[in-house]
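Undergrad: To be precise about what I am sending: the file is called my_file-v7.pdb and holds PDB, C-alpha atoms and all ligand atoms.
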MODEL        1
ATOM      1  CA  MET E   8     -12.814 -17.300  12.755  1.00  0.00           C
ATOM      2  CA  ILE E   9     -12.229 -14.569  10.154  1.00  0.00           C
ATOM      3  CA  GLU E  10     -14.953 -12.559  11.857  1.00  0.00           C
ATOM      4  CA  GLU E  11     -13.317 -12.932  15.272  1.00  0.00           C
ATOM      5  CA  ASN E  12      -9.854 -12.167  13.919  1.00  0.00           C
ATOM      6  CA  LEU E  13     -11.064  -8.972  12.264  1.00  0.00           C
ATOM      7  CA  ASP E  14     -12.928  -7.955  15.343  1.00  0.00           C
ATOM      8  CA  TYR E  15      -9.864  -8.485  17.505  1.00  0.00           C
ATOM      9  CA  ILE E  16      -7.544  -6.607  15.142  1.00  0.00           C
ATOM     10  CA  GLN E  17      -9.962  -3.687  14.913  1.00  0.00           C
ATOM     11  CA  THR E  18      -9.864  -3.386  18.709  1.00  0.00           C
ATOM     12  CA  THR E  19      -6.043  -3.120  18.612  1.00  0.00           C
ATOM     13  CA  ILE E  20      -5.981  -0.421  15.897  1.00  0.00           C
ATOM     14  CA  PRO E  21      -6.741   3.237  16.644  1.00  0.00           C
ATOM     15  CA  GLU E  22      -9.527   4.862  14.661  1.00  0.00           C
ATOM     16  CA  HIS E  23      -7.213   6.993  12.510  1.00  0.00           C
ATOM     17  CA  VAL E  24      -5.415   3.900  11.198  1.00  0.00           C
ATOM     18  CA  GLN E  25      -6.932   2.156   8.193  1.00  0.00           C
ATOM     19  CA  LEU E  26      -6.918  -1.624   8.001  1.00  0.00           C
ATOM     20  CA  VAL E  27      -6.140  -3.071   4.583  1.00  0.00           C
ATOM     21  CA  ALA E  28      -7.215  -6.721   4.700  1.00  0.00           C
ATOM     22  CA  VAL E  29      -4.656  -8.587   2.595  1.00  0.00           C
ATOM     23  CA  SER E  30      -6.606 -11.315   0.836  1.00  0.00           C
ATOM     24  CA  LYS E  31      -3.942 -12.573  -1.612  1.00  0.00           C
ATOM     25  CA  THR E  32      -4.205 -16.304  -2.391  1.00  0.00           C
ATOM     26  CA  LYS E  33      -7.482 -16.496  -0.419  1.00  0.00           C
ATOM     27  CA  PRO E  34     -10.781 -17.487  -2.072  1.00  0.00           C
ATOM     28  CA  ASN E  35     -13.737 -15.156  -2.648  1.00  0.00           C
ATOM     29  CA  GLU E  36     -15.796 -16.906   0.052  1.00  0.00           C
ATOM     30  CA  MET E  37     -13.318 -15.761   2.691  1.00  0.00           C
ATOM     31  CA  ILE E  38     -13.355 -12.213   1.361  1.00  0.00           C
ATOM     32  CA  ILE E  39     -17.160 -12.186   1.473  1.00  0.00           C
ATOM     33  CA  ARG E  40     -17.069 -13.221   5.109  1.00  0.00           C
ATOM     34  CA  ALA E  41     -14.821 -10.281   5.912  1.00  0.00           C
ATOM     35  CA  TYR E  42     -17.015  -8.038   3.732  1.00  0.00           C
ATOM     36  CA  ASN E  43     -20.101  -9.081   5.669  1.00  0.00           C
ATOM     37  CA  THR E  44     -18.541  -7.812   8.892  1.00  0.00           C
ATOM     38  CA  GLY E  45     -18.195  -4.386   7.248  1.00  0.00           C
ATOM     39  CA  GLN E  46     -14.630  -4.589   5.895  1.00  0.00           C
ATOM     40  CA  ARG E  47     -14.419  -2.753   2.550  1.00  0.00           C
ATOM     41  CA  VAL E  48     -10.683  -2.323   1.965  1.00  0.00           C
ATOM     42  CA  PHE E  49      -8.736  -5.264   0.574  1.00  0.00           C
ATOM     43  CA  GLY E  50      -5.170  -5.670  -0.679  1.00  0.00           C
ATOM     44  CA  GLU E  51      -3.786  -7.974  -3.353  1.00  0.00           C
ATOM     45  CA  ASN E  52      -0.288  -8.373  -4.743  1.00  0.00           C
ATOM     46  CA  ARG E  53      -0.903 -10.006  -8.133  1.00  0.00           C
ATOM     47  CA  VAL E  54      -2.551  -8.201 -11.022  1.00  0.00           C
ATOM     48  CA  GLN E  55      -4.467 -11.159 -12.475  1.00  0.00           C
ATOM     49  CA  GLU E  56      -5.845 -12.188  -9.103  1.00  0.00           C
ATOM     50  CA  LEU E  57      -6.788  -8.594  -8.323  1.00  0.00           C
ATOM     51  CA  VAL E  58      -8.671  -8.237 -11.623  1.00  0.00           C
ATOM     52  CA  ASP E  59     -10.498 -11.553 -11.148  1.00  0.00           C
ATOM     53  CA  LYS E  60     -11.569 -10.621  -7.626  1.00  0.00           C
ATOM     54  CA  PHE E  61     -12.628  -7.117  -8.671  1.00  0.00           C
ATOM     55  CA  GLU E  62     -14.836  -8.603 -11.376  1.00  0.00           C
ATOM     56  CA  SER E  63     -16.542 -11.183  -9.194  1.00  0.00           C
ATOM     57  CA  LEU E  64     -16.930  -9.371  -5.854  1.00  0.00           C
ATOM     58  CA  PRO E  65     -19.109  -6.415  -4.707  1.00  0.00           C
ATOM     59  CA  LYS E  66     -18.326  -3.132  -6.425  1.00  0.00           C
ATOM     60  CA  ASP E  67     -18.065  -1.067  -3.258  1.00  0.00           C
ATOM     61  CA  ILE E  68     -14.831  -2.824  -2.275  1.00  0.00           C
ATOM     62  CA  GLU E  69     -11.758  -0.555  -2.385  1.00  0.00           C
ATOM     63  CA  TRP E  70      -8.991  -2.581  -3.981  1.00  0.00           C
ATOM     64  CA  HIS E  71      -5.385  -1.794  -3.068  1.00  0.00           C
ATOM     65  CA  MET E  72      -2.480  -3.084  -5.131  1.00  0.00           C
ATOM     66  CA  ILE E  73       0.191  -3.764  -2.514  1.00  0.00           C
ATOM     67  CA  GLY E  74       2.724  -5.832  -4.454  1.00  0.00           C
ATOM     68  CA  HIS E  75       5.443  -5.031  -6.922  1.00  0.00           C
ATOM     69  CA  LEU E  76       3.789  -3.744 -10.099  1.00  0.00           C
ATOM     70  CA  GLN E  77       5.250  -4.246 -13.572  1.00  0.00           C
ATOM     71  CA  THR E  78       4.675  -1.390 -16.008  1.00  0.00           C
ATOM     72  CA  ASN E  79       3.129  -3.663 -18.633  1.00  0.00           C
ATOM     73  CA  LYS E  80       0.358  -4.656 -16.207  1.00  0.00           C
ATOM     74  CA  VAL E  81      -0.764  -1.224 -15.028  1.00  0.00           C
ATOM     75  CA  LYS E  82      -3.419  -1.072 -17.754  1.00  0.00           C
ATOM     76  CA  TYR E  83      -5.386  -3.955 -16.247  1.00  0.00           C
ATOM     77  CA  ILE E  84      -5.942  -2.296 -12.877  1.00  0.00           C
ATOM     78  CA  ALA E  85      -6.004   1.396 -13.853  1.00  0.00           C
ATOM     79  CA  PRO E  86      -9.795   1.502 -14.418  1.00  0.00           C
ATOM     80  CA  PHE E  87     -10.678   0.540 -10.848  1.00  0.00           C
ATOM     81  CA  VAL E  88      -7.724   0.403  -8.418  1.00  0.00           C
ATOM     82  CA  HIS E  89      -8.219   2.563  -5.322  1.00  0.00           C
ATOM     83  CA  LEU E  90      -4.577   2.871  -4.285  1.00  0.00           C
ATOM     84  CA  ILE E  91      -1.254   1.554  -5.599  1.00  0.00           C
ATOM     85  CA  HIS E  92       1.175   1.083  -2.695  1.00  0.00           C
ATOM     86  CA  GLY E  93       4.400  -0.043  -4.345  1.00  0.00           C
ATOM     87  CA  VAL E  94       5.422   2.763  -6.697  1.00  0.00           C
ATOM     88  CA  ASP E  95       9.193   2.738  -6.919  1.00  0.00           C
ATOM     89  CA  SER E  96      10.277   4.329 -10.222  1.00  0.00           C
ATOM     90  CA  LEU E  97       9.614   7.276 -12.512  1.00  0.00           C
ATOM     91  CA  LYS E  98       8.956   4.809 -15.308  1.00  0.00           C
ATOM     92  CA  LEU E  99       6.119   3.258 -13.321  1.00  0.00           C
ATOM     93  CA  LEU E 100       4.747   6.689 -12.388  1.00  0.00           C
ATOM     94  CA  LYS E 101       4.644   7.650 -16.056  1.00  0.00           C
ATOM     95  CA  GLU E 102       2.808   4.479 -17.004  1.00  0.00           C
ATOM     96  CA  ILE E 103       0.264   4.893 -14.189  1.00  0.00           C
ATOM     97  CA  ASN E 104      -0.274   8.463 -15.373  1.00  0.00           C
ATOM     98  CA  LYS E 105      -0.769   7.311 -18.968  1.00  0.00           C
ATOM     99  CA  GLN E 106      -3.252   4.603 -18.005  1.00  0.00           C
ATOM    100  CA  GLY E 107      -5.014   6.963 -15.597  1.00  0.00           C
ATOM    101  CA  LYS E 108      -5.557   9.364 -18.491  1.00  0.00           C
ATOM    102  CA  LYS E 109      -6.948   6.582 -20.665  1.00  0.00           C
ATOM    103  CA  SER E 110      -9.443   5.611 -17.958  1.00  0.00           C
ATOM    104  CA  GLY E 111     -10.309   9.222 -17.181  1.00  0.00           C
ATOM    105  CA  ARG E 112      -9.021   8.843 -13.635  1.00  0.00           C
ATOM    106  CA  THR E 113      -6.462  10.326 -11.293  1.00  0.00           C
ATOM    107  CA  ILE E 114      -4.813   7.336  -9.664  1.00  0.00           C
ATOM    108  CA  ARG E 115      -3.778   7.515  -6.022  1.00  0.00           C
ATOM    109  CA  ILE E 116      -0.320   6.179  -5.300  1.00  0.00           C
ATOM    110  CA  LEU E 117       2.191   5.701  -2.477  1.00  0.00           C
ATOM    111  CA  PHE E 118       5.931   5.998  -2.990  1.00  0.00           C
ATOM    112  CA  GLN E 119       7.603   2.821  -1.779  1.00  0.00           C
ATOM    113  CA  PHE E 120      10.822   3.186   0.211  1.00  0.00           C
ATOM    114  CA  HIS E 121      13.522   0.666   0.861  1.00  0.00           C
ATOM    115  CA  ILE E 122      13.818   0.670   4.651  1.00  0.00           C
ATOM    116  CA  ALA E 123      14.813  -2.964   5.266  1.00  0.00           C
ATOM    117  CA  THR E 124      18.325  -4.367   5.286  1.00  0.00           C
ATOM    118  CA  GLU E 125      17.239  -7.182   2.956  1.00  0.00           C
ATOM    119  CA  SER E 126      18.311  -6.441  -0.598  1.00  0.00           C
ATOM    120  CA  SER E 127      15.223  -8.091  -2.085  1.00  0.00           C
ATOM    121  CA  LYS E 128      12.788  -5.374  -1.043  1.00  0.00           C
ATOM    122  CA  PHE E 129      11.921  -2.750  -3.630  1.00  0.00           C
ATOM    123  CA  GLY E 130      11.798   0.971  -3.193  1.00  0.00           C
ATOM    124  CA  PHE E 131      13.317   4.425  -3.485  1.00  0.00           C
ATOM    125  CA  ASP E 132      15.727   6.069  -1.101  1.00  0.00           C
ATOM    126  CA  LEU E 133      15.404   9.768  -0.259  1.00  0.00           C
ATOM    127  CA  PRO E 134      17.892  11.122  -2.868  1.00  0.00           C
ATOM    128  CA  GLU E 135      16.223   9.042  -5.582  1.00  0.00           C
ATOM    129  CA  ILE E 136      12.704  10.301  -4.868  1.00  0.00           C
ATOM    130  CA  GLU E 137      13.965  13.883  -4.662  1.00  0.00           C
ATOM    131  CA  GLU E 138      15.502  13.535  -8.089  1.00  0.00           C
ATOM    132  CA  VAL E 139      12.144  12.289  -9.397  1.00  0.00           C
ATOM    133  CA  LEU E 140      10.105  15.000  -7.678  1.00  0.00           C
ATOM    134  CA  LYS E 141      12.348  17.739  -9.082  1.00  0.00           C
ATOM    135  CA  SER E 142      12.336  16.382 -12.617  1.00  0.00           C
ATOM    136  CA  ALA E 143      10.552  17.987 -15.565  1.00  0.00           C
ATOM    137  CA  ASP E 144       9.019  14.616 -16.412  1.00  0.00           C
ATOM    138  CA  TYR E 145       7.388  14.355 -13.006  1.00  0.00           C
ATOM    139  CA  ALA E 146       5.948  17.875 -13.299  1.00  0.00           C
ATOM    140  CA  LYS E 147       4.025  16.766 -16.394  1.00  0.00           C
ATOM    141  CA  LEU E 148       2.128  13.980 -14.631  1.00  0.00           C
ATOM    142  CA  THR E 149      -1.473  15.123 -14.339  1.00  0.00           C
ATOM    143  CA  ASN E 150      -3.262  11.866 -13.567  1.00  0.00           C
ATOM    144  CA  ILE E 151      -1.477  10.609 -10.485  1.00  0.00           C
ATOM    145  CA  GLU E 152      -2.060  11.723  -6.919  1.00  0.00           C
ATOM    146  CA  PRO E 153       0.664  10.861  -4.408  1.00  0.00           C
ATOM    147  CA  VAL E 154      -0.998  10.315  -1.039  1.00  0.00           C
ATOM    148  CA  GLY E 155       1.985   9.162   1.000  1.00  0.00           C
ATOM    149  CA  VAL E 156       4.652   6.526   1.498  1.00  0.00           C
ATOM    150  CA  MET E 157       4.897   2.772   1.982  1.00  0.00           C
ATOM    151  CA  GLY E 158       7.579   0.439   3.286  1.00  0.00           C
ATOM    152  CA  MET E 159       8.296  -3.006   4.643  1.00  0.00           C
ATOM    153  CA  ALA E 160      10.550  -3.712   7.600  1.00  0.00           C
ATOM    154  CA  THR E 161      13.123  -6.481   7.656  1.00  0.00           C
ATOM    155  CA  PHE E 162      11.710  -9.899   8.500  1.00  0.00           C
ATOM    156  CA  THR E 163      13.388 -10.311  11.887  1.00  0.00           C
ATOM    157  CA  SER E 164      12.479 -10.974  15.501  1.00  0.00           C
ATOM    158  CA  ASP E 165      14.619  -7.994  16.510  1.00  0.00           C
ATOM    159  CA  GLN E 166      11.900  -5.509  17.450  1.00  0.00           C
ATOM    160  CA  ARG E 167      14.423  -2.741  17.974  1.00  0.00           C
ATOM    161  CA  GLN E 168      15.521  -3.009  14.360  1.00  0.00           C
ATOM    162  CA  VAL E 169      11.926  -3.089  13.081  1.00  0.00           C
ATOM    163  CA  ARG E 170      11.132  -0.021  15.168  1.00  0.00           C
ATOM    164  CA  GLU E 171      14.150   1.847  13.730  1.00  0.00           C
ATOM    165  CA  GLU E 172      13.151   0.979  10.174  1.00  0.00           C
ATOM    166  CA  PHE E 173       9.576   2.185  10.667  1.00  0.00           C
ATOM    167  CA  LYS E 174      10.916   5.330  12.277  1.00  0.00           C
ATOM    168  CA  SER E 175      13.071   5.941   9.203  1.00  0.00           C
ATOM    169  CA  LEU E 176       9.963   5.738   6.978  1.00  0.00           C
ATOM    170  CA  LYS E 177       8.139   8.198   9.202  1.00  0.00           C
ATOM    171  CA  ASP E 178      11.139  10.553   8.922  1.00  0.00           C
ATOM    172  CA  ILE E 179      11.102  10.242   5.126  1.00  0.00           C
ATOM    173  CA  PHE E 180       7.386  11.038   5.101  1.00  0.00           C
ATOM    174  CA  THR E 181       7.915  14.105   7.298  1.00  0.00           C
ATOM    175  CA  SER E 182      10.703  15.368   5.077  1.00  0.00           C
ATOM    176  CA  LEU E 183       8.710  14.896   1.854  1.00  0.00           C
ATOM    177  CA  LYS E 184       5.632  16.476   3.367  1.00  0.00           C
ATOM    178  CA  LYS E 185       7.613  19.527   4.449  1.00  0.00           C
ATOM    179  CA  ASN E 186       9.630  19.982   1.272  1.00  0.00           C
ATOM    180  CA  TYR E 187       7.285  18.866  -1.506  1.00  0.00           C
ATOM    181  CA  PHE E 188       3.731  18.229  -0.330  1.00  0.00           C
ATOM    182  CA  GLN E 189       2.932  20.953   2.175  1.00  0.00           C
ATOM    183  CA  GLU E 190       0.104  22.166  -0.065  1.00  0.00           C
ATOM    184  CA  SER E 191      -1.346  18.701  -0.587  1.00  0.00           C
ATOM    185  CA  ALA E 192      -3.968  17.790   2.005  1.00  0.00           C
ATOM    186  CA  SER E 193      -4.171  14.274   0.616  1.00  0.00           C
ATOM    187  CA  PHE E 194      -0.466  13.524   1.156  1.00  0.00           C
ATOM    188  CA  LYS E 195      -0.911  12.051   4.632  1.00  0.00           C
ATOM    189  CA  GLU E 196      -0.589   8.278   4.519  1.00  0.00           C
ATOM    190  CA  ILE E 197       2.168   6.084   5.927  1.00  0.00           C
ATOM    191  CA  SER E 198       1.483   2.492   4.893  1.00  0.00           C
ATOM    192  CA  MET E 199       3.526   0.280   7.190  1.00  0.00           C
ATOM    193  CA  GLY E 200       2.904  -2.761   9.345  1.00  0.00           C
ATOM    194  CA  MET E 201       1.887  -6.358   8.594  1.00  0.00           C
ATOM    195  CA  SER E 202       0.579  -9.200  10.779  1.00  0.00           C
ATOM    196  CA  GLY E 203       3.842  -9.604  12.666  1.00  0.00           C
ATOM    197  CA  ASP E 204       4.724  -5.969  13.221  1.00  0.00           C
ATOM    198  CA  TYR E 205       1.674  -3.731  12.819  1.00  0.00           C
ATOM    199  CA  GLN E 206       1.613  -2.740  16.467  1.00  0.00           C
ATOM    200  CA  ILE E 207       5.172  -1.410  16.297  1.00  0.00           C
ATOM    201  CA  ALA E 208       4.275   0.338  13.032  1.00  0.00           C
ATOM    202  CA  ILE E 209       1.307   2.101  14.636  1.00  0.00           C
ATOM    203  CA  GLU E 210       3.478   3.164  17.538  1.00  0.00           C
ATOM    204  CA  GLN E 211       5.850   4.718  14.947  1.00  0.00           C
ATOM    205  CA  GLY E 212       3.113   6.619  13.120  1.00  0.00           C
ATOM    206  CA  SER E 213       1.541   4.233  10.613  1.00  0.00           C
ATOM    207  CA  THR E 214      -1.806   5.391   9.186  1.00  0.00           C
ATOM    208  CA  MET E 215      -2.453   2.245   7.156  1.00  0.00           C
ATOM    209  CA  VAL E 216      -1.638  -1.352   8.110  1.00  0.00           C
ATOM    210  CA  ARG E 217      -1.678  -4.243   5.639  1.00  0.00           C
ATOM    211  CA  VAL E 218      -2.703  -7.373   7.513  1.00  0.00           C
ATOM    212  CA  GLY E 219      -3.205 -10.768   5.878  1.00  0.00           C
ATOM    213  CA  SER E 220      -2.427 -13.942   7.794  1.00  0.00           C
ATOM    214  CA  SER E 221      -3.718 -12.645  11.145  1.00  0.00           C
ATOM    215  CA  ILE E 222      -7.128 -12.277   9.510  1.00  0.00           C
ATOM    216  CA  PHE E 223      -7.334 -15.076   6.936  1.00  0.00           C
ATOM    217  CA  GLY E 224      -4.844 -17.596   8.311  1.00  0.00           C
ATOM    218  CA  SER E 225      -1.421 -18.520   6.996  1.00  0.00           C
ATOM    219  CA  ARG E 226      -0.797 -18.912   3.280  1.00  0.00           C
ATOM    220  CA  THR E 227       0.621 -22.073   1.766  1.00  0.00           C
TER     221      THR E 227
HETATM  222  C1  LIG Z 301       1.492 -10.298   1.953  1.00  0.00           C
HETATM  223  C2  LIG Z 301       1.733  -8.872   2.259  1.00  0.00           C
HETATM  224  C3  LIG Z 301       1.249  -8.286   3.452  1.00  0.00           C
HETATM  225  C4  LIG Z 301       0.503  -9.072   4.525  1.00  0.00           C
HETATM  226  O1  LIG Z 301       1.345  -9.967   5.161  1.00  0.00           O
HETATM  227  P1  LIG Z 301       0.877 -10.785   6.473  1.00  0.00           P
HETATM  228  O2  LIG Z 301       2.146 -11.117   7.150  1.00  0.00           O
HETATM  229  O3  LIG Z 301       0.122 -11.960   5.994  1.00  0.00           O
HETATM  230  O4  LIG Z 301       0.028  -9.865   7.278  1.00  0.00           O
HETATM  231  C5  LIG Z 301       1.480  -6.942   3.656  1.00  0.00           C
HETATM  232  N1  LIG Z 301       2.146  -6.192   2.750  1.00  0.00           N
HETATM  233  C6  LIG Z 301       2.610  -6.707   1.600  1.00  0.00           C
HETATM  234  C7  LIG Z 301       3.338  -5.822   0.653  1.00  0.00           C
HETATM  235  C8  LIG Z 301       2.431  -8.059   1.322  1.00  0.00           C
HETATM  236  O5  LIG Z 301       2.911  -8.560   0.176  1.00  0.00           O
ENDMDL
END
Just give me the structure as C-alpha cells.
TA:
Amino acid sequence: MIEENLDYIQTTIPEHVQLVAVSKTKPNEMIIRAYNTGQRVFGENRVQELVDKFESLPKDIEWHMIGHLQTNKVKYIAPFVHLIHGVDSLKLLKEINKQGKKSGRTIRILFQFHIATESSKFGFDLPEIEEVLKSADYAKLTNIEPVGVMGMATFTSDQRQVREEFKSLKDIFTSLKKNYFQESASFKEISMGMSGDYQIAIEQGSTMVRVGSSIFGSRT
C-alpha cells in the first residue's frame, strides 16, 4: 500500500517539486518500505523521534525537521539534519548557527511564515523577517544557509482561502528573493502543501511538499 501510495503521489507531482515523506509516529518498517521504492527524503516533527530514526535507519536518508523546534534541542539534530523547515525567530537562528559551528557544518534552513488565520501556527510575518535580515546579529551568522520559506495553510475545506494563503507565501518568497537573496542560488525553495492541499500548493508555486498520511495512512 505504501508503495502504491508513493507511486501515485509521484505521478501527481512535477519533477521540479521535491516530495518530503512525513514519517512522524510511523515505525521504521514503514519507512524502510518507502526507502526500498527509492524515497530518500523523510520529515519528522519531534527531535527525539528524529534522532532515534536517524540512528537506526540507512545513512543516505535526508532527514528534514518539519516541526516546531525548541532552541534547547537544536544540538541533538545539528550533526546530521539536512534541512530545518520551521525557523521562526532570531534566537533559533543563533542557536542553529552555534550548533552548526560545533558540528563543523553549515545548516540549511527555511524561514517559516504565518500564513494561516489560525493563531496556533508559528512563523514570521514580512516586517519581522526584514528586521531580522537587517540586524547586525544576523550578519554574524556564518553557519546557517537560508534556502527558502515554509508555511502551512489554514485547515479548512475552503479551497479559495487555502489558495490565497499559499499565494501569500509565494509573494513573500518573491519579495525576499528580490530584496535579500538575489545573489544566493540556493535560496529557491517554497515548502508548502500537505496531504490535503499539496495540489493547490503546487499550482501556487510550491517546490517542496510535505506529505504524510496520504503515504503512510492516518495517524492515531
Ligand atoms: C504532519 C505534518 C505534515 C504532513 O501532514 P499530512 O496531512 O499527514 O500529510 C506536513 N507538515 C507539517 C509541518 C506537519 O507537522
Undergrad: How big is the axis-aligned box, and where does its centre sit, when it encloses all atoms of ligand LIG 301 (chain Z) listed in the file and has 8 Å added on every side, reported in Å to one decimal as AutoDock Vina command-line options?
TA:
--center_x 1.7 --center_y -8.9 --center_z 3.7 --size_x 19.3 --size_y 22.1 --size_z 23.1
Undergrad: Distance table requested - chain E against ligand LIG 301 (chain Z), cut-off 6 Å, all atoms listed in the file: one row per qualifying residue with the closest atom pair and its distance in Å to one decimal, ordered by chain and rising residue number, as a Markdown table.
TA:
| residue | atom | partner | partner_atom | distance |
| --- | --- | --- | --- | --- |
| E:Val29 | CA | Z:LIG301 | C4 | 5.5 |
| E:Asn52 | CA | Z:LIG301 | O5 | 5.9 |
| E:Ile73 | CA | Z:LIG301 | C7 | 4.9 |
| E:Gly74 | CA | Z:LIG301 | C7 | 5.1 |
| E:Met201 | CA | Z:LIG301 | O4 | 4.2 |
| E:Ser202 | CA | Z:LIG301 | O4 | 3.6 |
| E:Gly203 | CA | Z:LIG301 | O2 | 6.0 |
| E:Arg217 | CA | Z:LIG301 | C5 | 4.6 |
| E:Val218 | CA | Z:LIG301 | O4 | 3.7 |
| E:Gly219 | CA | Z:LIG301 | O3 | 3.5 |
| E:Ser220 | CA | Z:LIG301 | O3 | 3.7 |
Undergrad: Can you spell out as a PyMOL selection string the set of residues that the PyMOL selection byres (((chain E and resi 86-103) around 9) and not hetatm) selects in the structure I just provided?
TA: chain E and resi 61+69-79+81-85+104-112+114-120+129-131+135-136+139+144-145+148+150-151+154-158+198
Undergrad: Out of E:Ser225, E:Thr113, E:Gln206, E:Ser193, which residue has the shortest atom-to-atom distance to Ile16 of chain E when counting all atoms listed in the file?
TA: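 Smallest distance to Ile16 of chain E is found for E:Gln206.
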Undergrad: What residues come out when you apply the PyMOL selection byres (((chain E and resi 31) around 10) and not hetatm) to this file, written as a VMD selection string?
TA: chain E and resid 28 to 30 32 to 34 38 49 to 53 56 to 57 60 73 to 74 219 to 220 223 226
Undergrad: Tell me which of E:Glu36, E:Ser164, E:Glu22, E:Ser191 sits closest to Glu152 of chain E, counting only C-alpha atoms.
TA: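 Closest to Glu152 of chain E, using only C-alpha atoms: E:Ser191.
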Undergrad: Kindly extract all protein, DNA and RNA residues lying within 10 Å of the coordinates (4.0, -4.7, 13.7) given in the file, considering only C-alpha atoms, and supply them as a PyMOL selection string.
TA: chain E and resi 160+166+169-170+173+199-211+213+216-218
Undergrad: So what do you get for atom CA of Pro21 of chain E versus atom CA of Asp165 of chain E, distance-wise?
TA: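 Taking atom CA of Pro21 of chain E and atom CA of Asp165 of chain E, their separation equals 24.1 Å.
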Undergrad: Quick one: residues within 8 Å of (8.7, 18.1, -3.1) (file frame), counting only C-alpha atoms, please, as a PyMOL selection string.
TA: chain E and resi 137+140-141+183-188
Undergrad: Since I can't run it myself right now, could you work out what the PyMOL selection byres (((chain E and resi 43) around 12) and not hetatm) selects here and report it as a VMD selection string?
TA: chain E and resid 9 to 10 13 36 to 42 44 to 47 64 to 65 68
